[in-house]
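Notes for the one structure printed next.
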Amino acid sequence: QSEAAAYEFTTLTCIPGILQHNGATIQLLDLPGIIEGAAQGKGRGRQVIATARSADLVLIMLDATKAEVQKPLLERELESVGIRLNKAPPDVYLKPKKAGGLAFTATVPLTHLNEKLVYGILHEYKIHNCDVVVRQDVNVDEFIDVVEGNRQYIRCLYVVNKADSVSIEEIDRLARVLTPKGDRAGLWRDVVVTSCNLRLNIDPLIDRIWTKLALCRVYTKRRG
């Protein structure tokens with residue numbers, strides 16, 4: 001059982017658990033908190049992040065009184081090791097070949113990339129023979145993610161705990177701050193406010209986990 005206390009970093013090692021919901025068994029891993037510089041190994045950060053890379057869903061626990069500071073810090077550490085939260089893989093086809101040079105095709109208008117820039121990036125990675133088909137208006141960083149080929153695109157839910165410590169107005173403001181700019185239609189889509197102390201919003205959180213995982217139930221029948 002995970003330890004809970006009034007101070008930070010009570011979890012010092014990975015603690016596994018099981019969540020039963022809608023007839024399904026979901027494995028939970030309570031990981032130690034990560035600090036700034038975790039991607040470089042501070043505070044056993046590399047071990048924690050390596051575990052997160054294999055997850056289907058990441059729950060980022062935020063303190064309601066510090067959420068604005070904690071969220072960008074955690075996202076920055078995860079981004080630096082190739083974890084992309086709530087993002088779909090860029091729709092770019094890249095296939096190296098033995099000869100024939102570089103072949104570039106774009107099926108949509110590009111505002112961030114052009115053929116010359118793509119060739120320059122590929123030469124930096126010593127790729128001189130490949131086919132590239134861009135089907136989405138990606139930026140340079142997203143194209144580099146495709147070239148690197150080791151990014152993990154993982155669903156994420158931001159859980160703002162200690163809701164009993166702030167006002168309703170502050171909670172509404174936090175939801176707007178934590179929602180990506182230009183996505184006001186998705187307000188509260190990736191944010192859940194809870195209070196573990198008062199057992200507030202725990203069941204809705206479980207329902208959101210279930211929805212976010214997008215599990216598919218398969219019914220089988222006997223042979224014959």
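Going by the structure tokens order, chains are called A, B, ..., each with residues numbered from 1, while ligands are numbered from 1 in the order shown.
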Subject >> All residues 12 Å or closer to A:Tyr125, only C-alpha atoms, same chain fewer than 5 positions away omitted, as a list in words >> reply: Pro96, Val118, Tyr119, Gly120, Cys130, Ile144, Asp145, Val146, Val147, Glu148 and Gly149 of chain A
Subject >> Per-residue DSSP, stretch 40-191 of chain A, filtered to strand (DSSP E or B), as a PyMOL selection string >> reply: chain A and resi 57-63+83-85+92-96+102-106+130-134+152-161+191
Expected file contents, prior selection, N, CA and C atoms, as a compact mmCIF listing (two decimals), in the first residue's frame:
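So selection_13.txt came out as:
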# COMPACT_ATOMS: atom_id res chain seq x y z
N LEU A 57 -1.07 4.47 -20.06
CA LEU A 57 -1.63 5.74 -19.59
C LEU A 57 -0.77 6.25 -18.45
N VAL A 58 -0.44 7.54 -18.49
CA VAL A 58 0.33 8.17 -17.42
C VAL A 58 -0.61 9.10 -16.64
N LEU A 59 -0.68 8.89 -15.32
CA LEU A 59 -1.41 9.80 -14.44
C LEU A 59 -0.38 10.72 -13.78
N ILE A 60 -0.47 12.01 -14.08
CA ILE A 60 0.44 12.96 -13.46
C ILE A 60 -0.28 13.62 -12.29
N MET A 61 0.20 13.34 -11.08
CA MET A 61 -0.41 13.89 -9.87
C MET A 61 0.16 15.27 -9.60
N LEU A 62 -0.72 16.25 -9.50
CA LEU A 62 -0.32 17.63 -9.26
C LEU A 62 -0.93 18.13 -7.97
N ASP A 63 -0.18 18.93 -7.25
CA ASP A 63 -0.67 19.60 -6.05
C ASP A 63 -1.45 20.84 -6.49
N ILE A 83 9.22 10.97 -24.44
CA ILE A 83 7.82 10.66 -24.14
C ILE A 83 6.96 11.85 -24.58
N ARG A 84 6.01 11.58 -25.46
CA ARG A 84 5.10 12.61 -25.94
C ARG A 84 3.72 12.35 -25.36
N LEU A 85 3.24 13.30 -24.57
CA LEU A 85 1.98 13.13 -23.85
C LEU A 85 0.80 13.66 -24.67
N VAL A 92 3.89 10.75 -41.02
CA VAL A 92 5.02 10.88 -41.94
C VAL A 92 5.57 9.48 -42.21
N TYR A 93 5.70 9.17 -43.48
CA TYR A 93 6.27 7.87 -43.89
C TYR A 93 7.73 8.09 -44.26
N LEU A 94 8.60 7.34 -43.61
CA LEU A 94 10.05 7.45 -43.89
C LEU A 94 10.62 6.04 -43.97
N LYS A 95 11.15 5.70 -45.14
CA LYS A 95 11.69 4.36 -45.35
C LYS A 95 13.08 4.45 -45.98
N PRO A 96 14.12 4.11 -45.20
CA PRO A 96 15.48 4.09 -45.77
C PRO A 96 15.60 3.02 -46.86
N LEU A 102 17.42 10.63 -52.13
CA LEU A 102 16.28 11.05 -51.33
C LEU A 102 15.10 11.40 -52.22
N ALA A 103 13.94 10.86 -51.87
CA ALA A 103 12.71 11.18 -52.60
C ALA A 103 11.72 11.78 -51.61
N PHE A 104 11.31 13.02 -51.86
CA PHE A 104 10.44 13.74 -50.93
C PHE A 104 9.10 14.04 -51.59
N THR A 105 8.02 13.72 -50.87
CA THR A 105 6.67 14.01 -51.35
C THR A 105 5.83 14.53 -50.21
N ALA A 106 5.07 15.59 -50.44
CA ALA A 106 4.15 16.14 -49.44
C ALA A 106 2.75 16.14 -50.03
N CYS A 130 16.52 7.46 -48.98
CA CYS A 130 15.26 7.10 -48.35
C CYS A 130 14.09 7.76 -49.07
N ASP A 131 12.90 7.22 -48.83
CA ASP A 131 11.67 7.81 -49.34
C ASP A 131 10.96 8.50 -48.18
N VAL A 132 10.50 9.73 -48.39
CA VAL A 132 9.79 10.50 -47.37
C VAL A 132 8.46 10.97 -47.95
N VAL A 133 7.38 10.62 -47.24
CA VAL A 133 6.04 11.08 -47.62
C VAL A 133 5.44 11.77 -46.41
N VAL A 134 5.16 13.06 -46.54
CA VAL A 134 4.60 13.84 -45.43
C VAL A 134 3.11 14.05 -45.69
N GLN A 152 7.86 7.68 -27.66
CA GLN A 152 6.70 6.98 -27.14
C GLN A 152 5.55 7.97 -27.01
N TYR A 153 4.43 7.65 -27.65
CA TYR A 153 3.25 8.52 -27.61
C TYR A 153 2.24 7.90 -26.64
N ILE A 154 2.08 8.54 -25.50
CA ILE A 154 1.32 7.96 -24.40
C ILE A 154 0.20 8.89 -23.98
N ARG A 155 -0.96 8.30 -23.71
CA ARG A 155 -2.08 9.09 -23.18
C ARG A 155 -1.74 9.55 -21.77
N CYS A 156 -2.27 10.72 -21.40
CA CYS A 156 -1.96 11.28 -20.09
C CYS A 156 -3.20 11.92 -19.48
N LEU A 157 -3.34 11.77 -18.17
CA LEU A 157 -4.42 12.39 -17.41
C LEU A 157 -3.78 13.17 -16.27
N TYR A 158 -4.11 14.44 -16.17
CA TYR A 158 -3.57 15.28 -15.10
C TYR A 158 -4.55 15.26 -13.92
N VAL A 159 -4.08 14.78 -12.78
CA VAL A 159 -4.92 14.67 -11.59
C VAL A 159 -4.48 15.73 -10.60
N VAL A 160 -5.35 16.71 -10.37
CA VAL A 160 -5.05 17.80 -9.44
C VAL A 160 -5.59 17.42 -8.08
N ASN A 161 -4.69 17.06 -7.17
CA ASN A 161 -5.07 16.63 -5.83
C ASN A 161 -5.11 17.82 -4.87
N VAL A 191 -8.06 16.75 -17.49
CA VAL A 191 -7.83 17.21 -16.11
C VAL A 191 -8.93 16.69 -15.21
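Our summary of the geometry notes that atom CA of A:Ser195 is positioned 5.2 Å from atom CA of A:Ala163.
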Original post:
How many Å lie between atom CA of A:His128 and atom CA of A:Gly101, rounded to one decimal?
Top reply: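 Atom CA of A:Gly101 lies at a distance of 5.8 Å from atom CA of A:His128.
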Original post:
Which distance in Å separates atom CA of A:Ile206 and atom CA of A:Pro32, to one decimal?
Top reply: 20.7 Å
**OP:** Can you work out which one of A:Gln27, A:Thr179, A:Asn114, A:Ser165 has the shortest atom-to-atom distance to A:Phe143, counting only C-alpha atoms?
**Re:** A:Asn114
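Close contacts of A:Cys196, defined as residues with an atom at most 7 Å away when counting only C-alpha atoms, with chain neighbours fewer than 2 positions off set aside, comprise Asn161, Lys162, Thr194, Leu198, Arg199 and Leu200 of chain A.
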Subject >> For A:Arg176, the nearest of the candidates A:Leu110, A:Ala67, A:Ala88, A:Cys216, counting only C-alpha atoms >> reply: A:Ala67
